[in-house]
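Here is the structure we will look at.
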Amino acid sequence: AAGTDMRLTTTQGTVTLKNINGKTLSVRDGMKLYSGYTLSTGAKSYAYVTLDSQKVIKLDANSSTEIRAKGSKLEIMVKSGKLFFNVKSPLTSSESMNIRTSTMVTGIRGTSGYISVLDTNTSSVAITDGQVQVESTDTGADSQSVTVQAGQTASVAVQQNGTETTISLENLTVESIPGFVAVELHKDEDLQQRVQESSGLP
């Protein structure tokens with residue numbers, strides 16, 4: 001994982017960590033994470049991961065994600081649940097950060113928002129500041145992409161037969177922001193200002 005310093009900074013509740021071989025590891029705050037690690041949370045549990053100090057990821061309760069890294073290229077695979085991300089400064093031209101689900105890939109440059117996996121065929125991304133490019137994971141002729149602006153939510157659904165993909169956009173409302181994200185917005189005044197200036201959300 002040279003080029004990306006990934007650390008499990010804080011955990012609360014039941015958090016499970018497995019290495020690339022599936023071996024369960026002892027969880028401790030501040031430990032370094034490597035490519036192939038899978039991080040999972042139980043009920044009423046959270047886990048924070050920092051990447052090069054400028055990128056913060058928070059895993060919601062009952063969620064699971066896998067870290068894939070190669071040099072300064074990073075991909076987070078959200079297998080289930082929800083994940084909040086806050087990239088405080090734009091990535092350099094040599095860096096890349098993608099968040100993947102079973103239905104979409106979100107390219108992160110310098111923004112905040114959250115990913116929700118509803119089921120194996122449906123997932124969404126909500127952007128609270130900045131903008132992202134979202135592509136469906138369907139590699140066939142039906143593959144689609146859309147730019148999601150601050151204050152928008154994109155939902156990507158793939159039919160069970162895999163032959164049809166739909167991407168829908170809707171406006172993000174304060175009421176729709178989940179509690180585990182609202183907590184992060186509430187305690188970070190700089191992030192609050194970014195969100196208000198970028199999306200108009202109060």
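Going by the structure tokens order, chains are called A, B, ..., each with residues numbered from 1, while ligands are numbered from 1 in the order shown.
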
List every residue of chain A that DSSP, applied to the backbone of this structure, assigns to strand (DSSP E or B), and report them as a ChimeraX atom specification. /A:6-12,15-18,24-25,31-33,38-41,46-51,55-59,64-70,73-87,96-100,104-108,112-119,122-129,131-136,145-149,152-158,165-171

Write out the residues from the selection above, keeping C-alpha atoms, as a compact mmCIF listing (two decimals), in the first residue's frame.
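Listed below is the output, result.txt:
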# COMPACT_ATOMS: atom_id res chain seq x y z
CA MET A 6 -4.51 4.02 5.56
CA ARG A 7 -5.32 3.81 9.24
CA LEU A 8 -8.23 2.63 11.33
CA THR A 9 -8.41 5.68 13.55
CA THR A 10 -11.44 5.11 15.78
CA THR A 11 -13.96 2.33 16.36
CA GLN A 12 -17.11 2.04 18.43
CA VAL A 15 -15.90 -3.94 14.51
CA THR A 16 -14.37 -6.87 12.63
CA LEU A 17 -11.24 -6.72 10.48
CA LYS A 18 -9.98 -9.47 8.18
CA THR A 24 -9.55 -12.16 11.61
CA LEU A 25 -7.21 -9.52 13.08
CA MET A 31 -3.57 0.48 13.23
CA LYS A 32 -2.43 0.50 9.62
CA LEU A 33 -4.65 -1.03 6.96
CA THR A 38 -12.23 -6.20 4.87
CA LEU A 39 -13.76 -3.98 7.56
CA SER A 40 -17.21 -4.73 8.98
CA THR A 41 -19.39 -3.20 11.68
CA TYR A 46 -18.96 2.65 13.68
CA ALA A 47 -15.48 2.68 12.22
CA TYR A 48 -13.38 5.60 10.97
CA VAL A 49 -10.58 5.25 8.43
CA THR A 50 -8.18 8.05 7.48
CA LEU A 51 -6.22 8.10 4.24
CA LYS A 55 -9.48 11.75 3.45
CA VAL A 56 -11.87 10.48 6.10
CA ILE A 57 -14.23 7.53 5.72
CA LYS A 58 -16.86 6.53 8.27
CA LEU A 59 -18.50 3.14 8.08
CA SER A 64 -18.98 -4.01 5.26
CA THR A 65 -16.28 -2.68 2.97
CA GLU A 66 -13.08 -3.92 1.33
CA ILE A 67 -9.99 -1.76 0.77
CA ARG A 68 -8.14 -2.09 -2.51
CA ALA A 69 -4.99 -0.05 -2.97
CA LYS A 70 -2.12 0.08 -5.41
CA LYS A 73 -4.68 4.45 -6.59
CA LEU A 74 -7.35 3.60 -4.05
CA GLU A 75 -10.67 1.80 -4.34
CA ILE A 76 -13.18 1.19 -1.57
CA MET A 77 -15.66 -1.62 -2.26
CA VAL A 78 -18.85 -1.18 -0.24
CA LYS A 79 -20.37 -4.64 0.07
CA SER A 80 -23.28 -3.69 2.32
CA GLY A 81 -24.60 -0.83 4.42
CA LYS A 82 -23.56 2.83 4.26
CA LEU A 83 -20.30 4.78 4.08
CA PHE A 84 -19.61 8.49 4.57
CA PHE A 85 -16.63 10.13 2.86
CA ASN A 86 -15.00 13.53 3.34
CA VAL A 87 -12.04 14.42 1.10
CA SER A 96 -7.31 8.31 -7.79
CA MET A 97 -10.02 7.32 -5.34
CA ASN A 98 -13.04 5.29 -6.38
CA ILE A 99 -15.88 3.98 -4.26
CA ARG A 100 -17.47 0.91 -5.81
CA MET A 104 -21.84 1.72 -9.61
CA VAL A 105 -18.40 3.29 -9.41
CA THR A 106 -18.06 6.81 -7.95
CA GLY A 107 -14.92 8.79 -8.77
CA ILE A 108 -13.90 11.03 -5.86
CA SER A 112 -18.07 14.84 0.71
CA GLY A 113 -21.14 12.63 0.67
CA TYR A 114 -22.32 9.14 1.42
CA ILE A 115 -22.90 5.83 -0.32
CA SER A 116 -25.83 3.52 0.46
CA VAL A 117 -26.15 -0.09 -0.65
CA LEU A 118 -29.83 -1.01 -0.59
CA ASP A 119 -29.42 -4.51 -2.03
CA THR A 122 -29.53 -1.04 -6.09
CA SER A 123 -27.20 1.54 -4.56
CA SER A 124 -27.02 5.32 -4.34
CA VAL A 125 -24.63 8.20 -3.74
CA ALA A 126 -25.57 11.55 -2.18
CA ILE A 127 -23.22 14.52 -2.56
CA THR A 128 -23.09 17.18 0.15
CA ASP A 129 -20.34 19.31 -1.42
CA GLN A 131 -19.31 16.87 -7.50
CA VAL A 132 -18.56 13.31 -8.61
CA GLN A 133 -18.76 11.18 -11.71
CA VAL A 134 -20.86 8.04 -11.32
CA GLU A 135 -20.72 5.13 -13.75
CA SER A 136 -22.79 1.97 -13.75
CA SER A 145 -22.55 7.62 -16.45
CA VAL A 146 -23.77 10.82 -14.84
CA THR A 147 -22.30 13.82 -13.03
CA VAL A 148 -23.76 14.25 -9.56
CA GLN A 149 -23.62 17.78 -8.14
CA GLN A 152 -28.13 15.68 -5.46
CA THR A 153 -28.59 11.94 -4.97
CA ALA A 154 -28.01 9.42 -7.76
CA SER A 155 -29.57 5.96 -7.54
CA VAL A 156 -28.24 3.19 -9.78
CA ALA A 157 -30.40 0.10 -10.24
CA VAL A 158 -29.56 -2.97 -12.29
CA THR A 165 -29.49 -0.26 -15.85
CA THR A 166 -31.30 2.87 -14.70
CA ILE A 167 -29.75 5.96 -13.10
CA SER A 168 -32.09 8.45 -11.45
CA LEU A 169 -31.24 11.85 -9.96
CA GLU A 170 -33.14 13.66 -7.25
CA ASN A 171 -32.52 16.58 -4.91

Which residues come within 10 Å of Arg194 in chain A, counting only C-alpha atoms, excluding same-chain residues fewer than 5 positions away, as a list in words? Lys88, Thr111, Ser112, Thr128, Asp129, Gly130, Glu189, Ser199, Gly200 and Leu201 of chain A

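Picture a line from CA of Asn19 in chain A to CA of Gly36 in chain A; it runs 6.2 Å.
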
Work out how far CA of Leu91 in chain A is from CA of Pro202 in chain A, in Å to one decimal. 26.6 Å

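On the backbone of this structure, DSSP gives alpha helix (DSSP H) within chain A to Gly179, Phe180, Val181, Ala182, Val183, Glu184, Leu185, His186, Lys187, Glu189, Asp190, Leu191, Gln192, Gln193, Arg194, Val195, Gln196, Glu197, Ser198 and Ser199 of chain A.
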
Closest to Gly179 in chain A among A:Asp60, A:Asp52, A:Asp5, A:Asp29, using only C-alpha atoms?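 Ranking A:Asp60, A:Asp52, A:Asp5, A:Asp29 by distance to Gly179 in chain A, first place goes to A:Asp60.
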
For Ala182 in chain A, the nearest of the candidates A:Arg28, A:Val195, A:Gln54, A:Thr92, counting only C-alpha atoms: A:Val195

Just the number, please: distance in Å from CA of Gly71 in chain A to CA of Tyr34 in chain A, one decimal.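 Result for CA of Gly71 in chain A versus CA of Tyr34 in chain A: 11.0 Å, one decimal.
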
Determine, counting only C-alpha atoms, which protein, DNA and RNA residues have an atom within 8 Å of an atom of Ala43 in chain A; residues of the same chain fewer than 4 positions away are not included. Present the result as an MDAnalysis selection string. chainID A and resid 13:14 61:62
